[in-house]
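For reference, start-v4.cif is printed below; it contains mmCIF, C-alpha atoms, pLDDT in the B column; chains and numbers go by the auth columns.
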data_data
#
loop_
_atom_site.group_PDB
_atom_site.id
_atom_site.type_symbol
_atom_site.label_atom_id
_atom_site.label_comp_id
_atom_site.label_asym_id
_atom_site.label_seq_id
_atom_site.Cartn_x
_atom_site.Cartn_y
_atom_site.Cartn_z
_atom_site.B_iso_or_equiv
_atom_site.auth_seq_id
_atom_site.auth_asym_id
ATOM 1 C CA MET A 1 41.490 143.903 98.729 44.00 127 U
ATOM 2 C CA LYS A 2 41.766 143.257 102.467 49.00 128 U
ATOM 3 C CA GLU A 3 44.045 145.423 104.523 52.00 129 U
ATOM 4 C CA ASN A 4 47.043 143.682 106.091 50.00 130 U
ATOM 5 C CA PRO A 5 46.175 143.096 109.788 50.00 131 U
ATOM 6 C CA LEU A 6 49.851 143.221 110.740 54.00 132 U
ATOM 7 C CA PRO A 7 51.322 146.652 111.426 59.00 133 U
ATOM 8 C CA TYR A 8 54.467 145.887 109.434 63.00 134 U
ATOM 9 C CA SER A 9 55.103 143.991 106.248 68.00 135 U
ATOM 10 C CA GLY A 10 57.790 143.608 103.669 84.00 136 U
ATOM 11 C CA GLU A 11 61.130 145.236 104.292 88.00 137 U
ATOM 12 C CA LYS A 12 60.077 146.872 107.567 89.00 138 U
ATOM 13 C CA ALA A 13 58.977 143.517 109.025 88.00 139 U
ATOM 14 C CA TYR A 14 62.228 141.875 107.937 92.00 140 U
ATOM 15 C CA ARG A 15 64.204 144.718 109.474 93.00 141 U
ATOM 16 C CA ILE A 16 62.392 144.401 112.814 92.00 142 U
ATOM 17 C CA ALA A 17 62.850 140.614 112.755 89.00 143 U
ATOM 18 C CA TYR A 18 66.566 141.087 112.026 94.00 144 U
ATOM 19 C CA LEU A 19 66.903 143.538 114.918 95.00 145 U
ATOM 20 C CA VAL A 20 65.001 141.308 117.367 93.00 146 U
ATOM 21 C CA LEU A 21 67.144 138.324 116.381 91.00 147 U
ATOM 22 C CA GLY A 22 70.285 140.419 116.761 94.00 148 U
ATOM 23 C CA TYR A 23 69.065 141.530 120.177 93.00 149 U
ATOM 24 C CA LEU A 24 68.540 137.916 121.248 92.00 150 U
ATOM 25 C CA ARG A 25 71.937 136.878 119.907 92.00 151 U
ATOM 26 C CA LYS A 26 73.586 139.973 121.381 93.00 152 U
ATOM 27 C CA THR A 27 75.097 140.870 117.993 95.00 153 U
ATOM 28 C CA LEU A 28 73.585 144.319 117.431 95.00 154 U
ATOM 29 C CA THR A 29 75.773 147.298 116.744 96.00 155 U
ATOM 30 C CA GLU A 30 75.192 150.403 118.847 97.00 156 U
ATOM 31 C CA ALA A 31 73.249 152.002 115.979 96.00 157 U
ATOM 32 C CA GLU A 32 71.081 148.891 115.574 96.00 158 U
ATOM 33 C CA HIS A 33 70.447 148.791 119.319 96.00 159 U
ATOM 34 C CA ASP A 34 69.329 152.423 119.160 96.00 160 U
ATOM 35 C CA GLU A 35 67.071 151.520 116.213 96.00 161 U
ATOM 36 C CA ILE A 36 65.345 148.664 118.054 95.00 162 U
ATOM 37 C CA ASP A 37 65.014 150.825 121.176 95.00 163 U
ATOM 38 C CA ALA A 38 63.350 153.562 119.117 96.00 164 U
ATOM 39 C CA TRP A 39 60.988 151.021 117.548 95.00 165 U
ATOM 40 C CA VAL A 40 60.024 149.583 120.953 95.00 166 U
ATOM 41 C CA GLU A 41 59.423 153.069 122.350 96.00 167 U
ATOM 42 C CA ALA A 42 57.375 154.131 119.303 95.00 168 U
ATOM 43 C CA SER A 43 54.200 152.393 120.501 94.00 169 U
ATOM 44 C CA TYR A 44 52.710 150.283 123.224 95.00 170 U
ATOM 45 C CA GLU A 45 51.969 147.526 120.673 93.00 171 U
ATOM 46 C CA ASN A 46 55.628 147.440 119.639 93.00 172 U
ATOM 47 C CA MET A 47 56.669 147.119 123.277 93.00 173 U
ATOM 48 C CA LEU A 48 54.239 144.235 123.854 91.00 174 U
ATOM 49 C CA LEU A 49 55.376 142.463 120.685 89.00 175 U
ATOM 50 C CA PHE A 50 59.034 142.886 121.620 90.00 176 U
ATOM 51 C CA GLU A 51 58.391 141.521 125.109 89.00 177 U
ATOM 52 C CA GLU A 52 56.529 138.532 123.668 87.00 178 U
ATOM 53 C CA LEU A 53 59.239 137.786 121.109 86.00 179 U
ATOM 54 C CA THR A 54 62.066 138.030 123.630 85.00 180 U
ATOM 55 C CA ASP A 55 60.384 136.216 126.538 84.00 181 U
ATOM 56 C CA GLU A 56 62.441 133.088 127.268 80.00 182 U
ATOM 57 C CA ARG A 57 59.341 131.002 128.030 81.00 183 U
ATOM 58 C CA ASN A 58 57.884 131.838 124.614 69.00 184 U
ATOM 59 C CA ILE A 59 61.192 131.071 122.927 70.00 185 U
ATOM 60 C CA ASP A 60 61.472 127.716 124.722 69.00 186 U
ATOM 61 C CA ALA A 61 57.857 126.851 123.878 72.00 187 U
ATOM 62 C CA ASN A 62 58.394 127.722 120.206 69.00 188 U
ATOM 63 C CA ILE A 63 61.573 125.645 120.056 71.00 189 U
ATOM 64 C CA ALA A 64 59.771 122.667 121.610 77.00 190 U
ATOM 65 C CA TRP A 65 56.862 123.077 119.177 73.00 191 U
ATOM 66 C CA ARG A 66 59.238 123.283 116.198 76.00 192 U
ATOM 67 C CA GLN A 67 61.054 120.143 117.307 78.00 193 U
ATOM 68 C CA SER A 68 57.760 118.254 117.669 77.00 194 U
ATOM 69 C CA VAL A 69 56.702 119.347 114.185 75.00 195 U
ATOM 70 C CA GLN A 70 60.023 118.207 112.751 70.00 196 U
ATOM 71 C CA THR A 71 59.671 114.878 114.579 71.00 197 U
ATOM 72 C CA GLU A 72 56.156 114.403 113.195 67.00 198 U
ATOM 73 C CA GLU A 73 57.348 115.276 109.675 70.00 199 U
ATOM 74 C CA ALA A 74 60.219 112.786 109.950 70.00 200 U
ATOM 75 C CA LEU A 75 57.848 110.104 111.234 69.00 201 U
ATOM 76 C CA GLY A 76 55.504 110.768 108.323 69.00 202 U
ATOM 77 C CA GLU A 77 58.377 110.491 105.853 73.00 203 U
ATOM 78 C CA ASN A 78 59.504 107.221 107.463 67.00 204 U
ATOM 79 C CA LYS A 79 55.979 105.798 107.227 68.00 205 U
ATOM 80 C CA LYS A 80 55.726 106.853 103.582 68.00 206 U
ATOM 81 C CA THR A 81 59.093 105.281 102.782 71.00 207 U
ATOM 82 C CA ALA A 82 58.119 102.094 104.626 66.00 208 U
ATOM 83 C CA SER A 83 54.841 101.786 102.713 69.00 209 U
ATOM 84 C CA ILE A 84 56.647 102.281 99.393 71.00 210 U
ATOM 85 C CA PHE A 85 59.188 99.650 100.425 67.00 211 U
ATOM 86 C CA ASP A 86 56.386 97.259 101.441 67.00 212 U
ATOM 87 C CA ALA A 87 54.643 97.810 98.100 69.00 213 U
ATOM 88 C CA CYS A 88 57.885 97.052 96.225 68.00 214 U
ATOM 89 C CA GLN A 89 58.430 93.876 98.234 69.00 215 U
ATOM 90 C CA GLU A 90 54.854 92.761 97.541 69.00 216 U
ATOM 91 C CA GLN A 91 55.341 93.378 93.812 69.00 217 U
ATOM 92 C CA GLN A 92 58.584 91.354 93.869 69.00 218 U
ATOM 93 C CA LYS A 93 56.789 88.438 95.556 67.00 219 U
ATOM 94 C CA LYS A 94 54.073 88.511 92.902 64.00 220 U
ATOM 95 C CA THR A 95 56.674 88.576 90.130 66.00 221 U
ATOM 96 C CA VAL A 96 58.573 85.624 91.579 59.00 222 U
ATOM 97 C CA ALA A 97 55.311 83.680 92.064 61.00 223 U
ATOM 98 C CA PHE A 98 54.279 84.433 88.481 58.00 224 U
ATOM 99 C CA ARG A 99 57.648 83.279 87.120 63.00 225 U
ATOM 100 C CA TRP A 100 57.393 80.015 89.100 64.00 226 U
ATOM 101 C CA ALA A 101 53.861 79.508 87.853 62.00 227 U
ATOM 102 C CA VAL A 102 54.940 80.023 84.244 60.00 228 U
ATOM 103 C CA ALA A 103 57.940 77.739 84.640 56.00 229 U
#
Final structure tokens representation of the file:
Amino acid sequence: MKENPLPYSGEKAYRIAYLVLGYLRKTLTEAEHDEIDAWVEASYENMLLFEELTDERNIDANIAWRQSVQTEEALGENKKTASIFDACQEQQKKTVAFRWAVA
């Protein structure tokens, strides 16, 4: 089995994510702020990750990317719905033509 390349997983990763989000939202308690500070100070990698996750340019870029993905997904759904609608209309035309031919 391959070793997880990420330094944290499971509950620890969720806890760090919760603390980073709380930091960004400015909703951390004093104890939680101390906890995230201790995590950042625990290693150079933690400090770099924290800086990357809290950098406004990265946040803005991720928001823009997420919005473009959602737009593309919506466009894909609209195209799928339109093709289903077109197929139904085509089937209705064939049915009406068949009924006229039989009559």
Ground truth for the PyMOL selection byres ((chain U and resi 145-157) around 12), written as a VMD selection string: chain U and resid 138 to 144 158 to 166 172 to 173 175 to 182 185
Atom pair CA of Gln196 in chain U / CA of Leu174 in chain U: separation (Å): 28.9 Å
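Here CA of Arg183 in chain U is placed at a distance of 27.7 Å from CA of Glu137 in chain U.
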One-decimal distance in Å that lies between CA of Trp191 in chain U and CA of Glu171 in chain U: 25.0 Å
N, CA, C and O atoms for range 140-161 of chain U, written as a PDB file, keeping the file's coordinate frame, could you do that?
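See selection.pdb below for the written result:
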ATOM      1  N   TYR U 140      60.952 142.591 107.945  1.00 92.00           N
ATOM      2  CA  TYR U 140      62.228 141.875 107.937  1.00 92.00           C
ATOM      3  C   TYR U 140      63.275 142.614 108.771  1.00 92.00           C
ATOM      4  O   TYR U 140      64.073 141.998 109.463  1.00 92.00           O
ATOM      5  N   ARG U 141      63.239 143.926 108.694  1.00 93.00           N
ATOM      6  CA  ARG U 141      64.204 144.718 109.474  1.00 93.00           C
ATOM      7  C   ARG U 141      63.966 144.523 110.965  1.00 93.00           C
ATOM      8  O   ARG U 141      64.906 144.319 111.737  1.00 93.00           O
ATOM      9  N   ILE U 142      62.719 144.586 111.391  1.00 92.00           N
ATOM     10  CA  ILE U 142      62.392 144.401 112.814  1.00 92.00           C
ATOM     11  C   ILE U 142      62.791 142.995 113.245  1.00 92.00           C
ATOM     12  O   ILE U 142      63.386 142.801 114.309  1.00 92.00           O
ATOM     13  N   ALA U 143      62.474 141.992 112.420  1.00 89.00           N
ATOM     14  CA  ALA U 143      62.850 140.614 112.755  1.00 89.00           C
ATOM     15  C   ALA U 143      64.364 140.484 112.886  1.00 89.00           C
ATOM     16  O   ALA U 143      64.866 139.836 113.816  1.00 89.00           O
ATOM     17  N   TYR U 144      65.098 141.111 111.972  1.00 94.00           N
ATOM     18  CA  TYR U 144      66.566 141.087 112.026  1.00 94.00           C
ATOM     19  C   TYR U 144      67.062 141.713 113.331  1.00 94.00           C
ATOM     20  O   TYR U 144      67.953 141.165 114.001  1.00 94.00           O
ATOM     21  N   LEU U 145      66.475 142.843 113.703  1.00 95.00           N
ATOM     22  CA  LEU U 145      66.903 143.538 114.918  1.00 95.00           C
ATOM     23  C   LEU U 145      66.567 142.731 116.178  1.00 95.00           C
ATOM     24  O   LEU U 145      67.371 142.656 117.105  1.00 95.00           O
ATOM     25  N   VAL U 146      65.389 142.128 116.200  1.00 93.00           N
ATOM     26  CA  VAL U 146      65.001 141.308 117.367  1.00 93.00           C
ATOM     27  C   VAL U 146      65.943 140.110 117.487  1.00 93.00           C
ATOM     28  O   VAL U 146      66.422 139.786 118.578  1.00 93.00           O
ATOM     29  N   LEU U 147      66.224 139.457 116.361  1.00 91.00           N
ATOM     30  CA  LEU U 147      67.144 138.324 116.381  1.00 91.00           C
ATOM     31  C   LEU U 147      68.534 138.762 116.834  1.00 91.00           C
ATOM     32  O   LEU U 147      69.172 138.085 117.650  1.00 91.00           O
ATOM     33  N   GLY U 148      68.988 139.889 116.337  1.00 94.00           N
ATOM     34  CA  GLY U 148      70.285 140.419 116.761  1.00 94.00           C
ATOM     35  C   GLY U 148      70.301 140.738 118.248  1.00 94.00           C
ATOM     36  O   GLY U 148      71.307 140.508 118.936  1.00 94.00           O
ATOM     37  N   TYR U 149      69.174 141.247 118.746  1.00 93.00           N
ATOM     38  CA  TYR U 149      69.065 141.530 120.177  1.00 93.00           C
ATOM     39  C   TYR U 149      69.205 140.240 120.979  1.00 93.00           C
ATOM     40  O   TYR U 149      69.939 140.178 121.971  1.00 93.00           O
ATOM     41  N   LEU U 150      68.490 139.196 120.541  1.00 92.00           N
ATOM     42  CA  LEU U 150      68.540 137.916 121.248  1.00 92.00           C
ATOM     43  C   LEU U 150      69.934 137.296 121.194  1.00 92.00           C
ATOM     44  O   LEU U 150      70.391 136.692 122.171  1.00 92.00           O
ATOM     45  N   ARG U 151      70.594 137.448 120.068  1.00 92.00           N
ATOM     46  CA  ARG U 151      71.937 136.878 119.907  1.00 92.00           C
ATOM     47  C   ARG U 151      73.040 137.776 120.469  1.00 92.00           C
ATOM     48  O   ARG U 151      74.201 137.393 120.465  1.00 92.00           O
ATOM     49  N   LYS U 152      72.636 138.982 120.862  1.00 93.00           N
ATOM     50  CA  LYS U 152      73.586 139.973 121.381  1.00 93.00           C
ATOM     51  C   LYS U 152      74.647 140.334 120.334  1.00 93.00           C
ATOM     52  O   LYS U 152      75.837 140.436 120.632  1.00 93.00           O
ATOM     53  N   THR U 153      74.189 140.539 119.085  1.00 95.00           N
ATOM     54  CA  THR U 153      75.097 140.870 117.993  1.00 95.00           C
ATOM     55  C   THR U 153      74.801 142.229 117.372  1.00 95.00           C
ATOM     56  O   THR U 153      75.364 142.553 116.323  1.00 95.00           O
ATOM     57  N   LEU U 154      73.939 143.024 117.992  1.00 95.00           N
ATOM     58  CA  LEU U 154      73.585 144.319 117.431  1.00 95.00           C
ATOM     59  C   LEU U 154      74.718 145.329 117.610  1.00 95.00           C
ATOM     60  O   LEU U 154      75.388 145.345 118.647  1.00 95.00           O
ATOM     61  N   THR U 155      74.869 146.166 116.599  1.00 96.00           N
ATOM     62  CA  THR U 155      75.773 147.298 116.744  1.00 96.00           C
ATOM     63  C   THR U 155      75.076 148.334 117.622  1.00 96.00           C
ATOM     64  O   THR U 155      73.870 148.218 117.902  1.00 96.00           O
ATOM     65  N   GLU U 156      75.800 149.356 118.020  1.00 97.00           N
ATOM     66  CA  GLU U 156      75.192 150.403 118.847  1.00 97.00           C
ATOM     67  C   GLU U 156      74.070 151.109 118.089  1.00 97.00           C
ATOM     68  O   GLU U 156      73.002 151.374 118.648  1.00 97.00           O
ATOM     69  N   ALA U 157      74.281 151.348 116.799  1.00 96.00           N
ATOM     70  CA  ALA U 157      73.249 152.002 115.979  1.00 96.00           C
ATOM     71  C   ALA U 157      72.008 151.115 115.848  1.00 96.00           C
ATOM     72  O   ALA U 157      70.880 151.600 115.916  1.00 96.00           O
ATOM     73  N   GLU U 158      72.212 149.810 115.668  1.00 96.00           N
ATOM     74  CA  GLU U 158      71.081 148.891 115.574  1.00 96.00           C
ATOM     75  C   GLU U 158      70.341 148.800 116.904  1.00 96.00           C
ATOM     76  O   GLU U 158      69.109 148.714 116.935  1.00 96.00           O
ATOM     77  N   HIS U 159      71.081 148.823 117.992  1.00 96.00           N
ATOM     78  CA  HIS U 159      70.447 148.791 119.319  1.00 96.00           C
ATOM     79  C   HIS U 159      69.597 150.039 119.512  1.00 96.00           C
ATOM     80  O   HIS U 159      68.466 149.954 120.024  1.00 96.00           O
ATOM     81  N   ASP U 160      70.106 151.176 119.081  1.00 96.00           N
ATOM     82  CA  ASP U 160      69.329 152.423 119.160  1.00 96.00           C
ATOM     83  C   ASP U 160      68.079 152.327 118.292  1.00 96.00           C
ATOM     84  O   ASP U 160      67.005 152.800 118.679  1.00 96.00           O
ATOM     85  N   GLU U 161      68.205 151.675 117.128  1.00 96.00           N
ATOM     86  CA  GLU U 161      67.071 151.520 116.213  1.00 96.00           C
ATOM     87  C   GLU U 161      65.981 150.646 116.834  1.00 96.00           C
ATOM     88  O   GLU U 161      64.793 150.987 116.773  1.00 96.00           O
TER      89      GLU U 161
END
